[in-house]
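Text of upload14.cif, listed as mmCIF, C-alpha atoms:
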```
data_start
loop_
_atom_site.group_PDB
_atom_site.id
_atom_site.type_symbol
_atom_site.label_atom_id
_atom_site.label_comp_id
_atom_site.auth_asym_id
_atom_site.auth_seq_id
_atom_site.Cartn_x
_atom_site.Cartn_y
_atom_site.Cartn_z
ATOM 1 C CA MET A 1 26.330 -25.490 -27.637
ATOM 2 C CA THR A 2 24.930 -27.399 -24.725
ATOM 3 C CA THR A 3 27.085 -28.414 -21.784
ATOM 4 C CA THR A 4 26.961 -32.023 -23.018
ATOM 5 C CA ASN A 5 28.153 -31.040 -26.506
ATOM 6 C CA ILE A 6 30.929 -28.910 -25.048
ATOM 7 C CA THR A 7 32.007 -31.751 -22.764
ATOM 8 C CA GLN A 8 32.096 -34.206 -25.668
ATOM 9 C CA GLU A 9 34.076 -31.792 -27.838
ATOM 10 C CA LEU A 10 36.431 -31.100 -24.940
ATOM 11 C CA GLN A 11 37.050 -34.842 -24.550
ATOM 12 C CA ARG A 12 37.809 -35.159 -28.273
ATOM 13 C CA VAL A 13 40.183 -32.186 -28.164
ATOM 14 C CA GLU A 14 41.957 -33.497 -25.064
ATOM 15 C CA ALA A 15 42.432 -36.913 -26.715
ATOM 16 C CA ARG A 16 43.887 -35.176 -29.780
ATOM 17 C CA ILE A 17 46.160 -33.083 -27.528
ATOM 18 C CA ARG A 18 47.493 -36.236 -25.855
ATOM 19 C CA HIS A 19 48.162 -37.740 -29.275
ATOM 20 C CA MET A 20 49.846 -34.605 -30.625
ATOM 21 C CA ARG A 21 52.002 -34.266 -27.500
ATOM 22 C CA GLN A 22 53.225 -37.814 -28.100
ATOM 23 C CA VAL A 23 53.899 -37.019 -31.759
ATOM 24 C CA VAL A 24 55.820 -33.840 -30.867
ATOM 25 C CA ASN A 25 57.803 -35.636 -28.162
ATOM 26 C CA ASP A 26 58.615 -38.531 -30.504
ATOM 27 C CA LEU A 27 59.751 -36.125 -33.214
ATOM 28 C CA ALA A 28 61.908 -34.162 -30.765
ATOM 29 C CA GLU A 29 63.484 -37.387 -29.547
ATOM 30 C CA GLU A 30 64.138 -38.506 -33.115
ATOM 31 C CA ILE A 31 65.740 -35.133 -33.932
ATOM 32 C CA ASP A 32 67.925 -35.460 -30.828
ATOM 33 C CA THR A 33 68.955 -38.973 -31.881
ATOM 34 C CA ARG A 34 69.456 -38.488 -35.631
ATOM 35 C CA GLY A 35 70.158 -34.796 -35.780
ATOM 36 C CA HIS A 36 68.322 -32.232 -37.837
ATOM 37 C CA CYS A 37 67.082 -33.167 -41.275
ATOM 38 C CA PRO A 38 64.481 -31.472 -43.489
ATOM 39 C CA GLY A 39 61.753 -34.122 -43.079
ATOM 40 C CA LEU A 40 61.932 -34.339 -39.299
ATOM 41 C CA ASP A 41 62.264 -30.583 -38.893
ATOM 42 C CA TRP A 42 59.257 -29.995 -41.149
ATOM 43 C CA ALA A 43 57.161 -32.550 -39.264
ATOM 44 C CA TYR A 44 58.085 -31.019 -35.907
ATOM 45 C CA GLN A 45 57.444 -27.477 -37.122
ATOM 46 C CA THR A 46 54.052 -28.591 -38.460
ATOM 47 C CA ALA A 47 52.998 -30.584 -35.386
ATOM 48 C CA LEU A 48 53.935 -27.973 -32.786
ATOM 49 C CA PRO A 49 51.569 -25.213 -34.022
ATOM 50 C CA GLU A 50 48.788 -27.791 -34.344
ATOM 51 C CA LEU A 51 49.345 -28.762 -30.707
ATOM 52 C CA HIS A 52 49.270 -25.105 -29.651
ATOM 53 C CA GLY A 53 46.060 -24.578 -31.624
ATOM 54 C CA LEU A 54 44.422 -27.543 -29.905
ATOM 55 C CA GLU A 55 45.490 -26.241 -26.501
ATOM 56 C CA ALA A 56 43.958 -22.850 -27.339
ATOM 57 C CA LYS A 57 40.750 -24.584 -28.462
ATOM 58 C CA ARG A 58 40.669 -26.519 -25.169
ATOM 59 C CA THR A 59 41.009 -23.264 -23.210
ATOM 60 C CA LYS A 60 38.169 -21.739 -25.228
ATOM 61 C CA LEU A 61 35.950 -24.786 -24.657
ATOM 62 C CA ILE A 62 36.627 -24.711 -20.913
ATOM 63 C CA ALA A 63 35.651 -21.032 -20.764
ATOM 64 C CA GLN A 64 32.564 -21.766 -22.866
ATOM 65 C CA SER A 65 31.710 -24.673 -20.574
ATOM 66 C CA HIS A 66 31.838 -22.439 -17.507
ATOM 67 C CA SER A 67 29.746 -19.797 -19.240
ATOM 68 C CA THR A 68 27.144 -22.318 -20.430
ATOM 69 C CA SER A 69 26.870 -24.070 -17.074
ATOM 70 C CA GLN A 70 26.280 -20.736 -15.337
ATOM 71 C CA GLN A 71 23.553 -19.873 -17.834
ATOM 72 C CA GLU A 72 21.842 -23.251 -17.428
ATOM 73 C CA ASP A 73 21.868 -23.150 -13.615
ATOM 74 C CA PRO A 74 22.378 -19.568 -12.367
ATOM 75 C CA GLU A 75 21.550 -20.428 -8.732
ATOM 76 C CA GLU A 76 24.513 -22.812 -8.457
ATOM 77 C CA SER A 77 26.964 -20.170 -9.644
ATOM 78 C CA GLN A 78 25.963 -17.695 -6.928
#
```
Using structure tokens, write down the structure from this file.
Amino acid sequence: MTTTNITQELQRVEARIRHMRQVVNDLAEEIDTRGHCPGLDWAYQTALPELHGLEAKRTKLIAQSHSTSQQEDPEESQ
């Protein structure tokens, strides 16, 4: 991947992370308000791993971005 492609993918992942954080927070708030119920618990337990997966993907993309930028311009990294 080029640095541009990585940056674009990183932006998409970060937008999805923001959305999923809001979803998780809204679900947690709803569970606090209404109490536990199968539908809310399932949604929360489904959304949380997805959020963690996106955060891991973001970390991977950031590392890949640093690696790619060093390969494209080795003099700047020294």
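CA of Ala56 in chain A is found 28.9 Å from CA of Cys37 in chain A.
Selection result for the displayed file, with the PyMOL selection byres ((chain A and resi 48) around 12) as criterion, is Ile17, His19, Met20, Arg21, Gln22, Val23, Val24, Asn25, Asp26, Leu27, Ala28, Asp41, Trp42, Ala43, Tyr44, Gln45, Thr46, Ala47, Pro49, Glu50, Leu51, His52, Gly53, Leu54 and Glu55 of chain A.
Across the model, the gap from CA of Ile6 in chain A to CA of Gln64 in chain A is 7.6 Å.
One distance worth recording is that between CA of Gln70 in chain A and CA of Arg16 in chain A, which is 27.0 Å.
Closest approach to Glu14 in chain A from the set A:Glu29, A:Leu40, A:Thr59, A:Thr68 is made by A:Thr59, with distances taken over all atoms listed in the file.
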Specify as a list in words each residue included when the PyMOL selection byres ((chain A and resi 1) around 12) is applied to this file. Thr2, Thr3, Thr4, Asn5, Ile6, Thr7, Gln8, Glu9, Leu10, Leu61, Gln64, Ser65, His66, Ser67, Thr68, Ser69, Gln71 and Glu72 of chain A
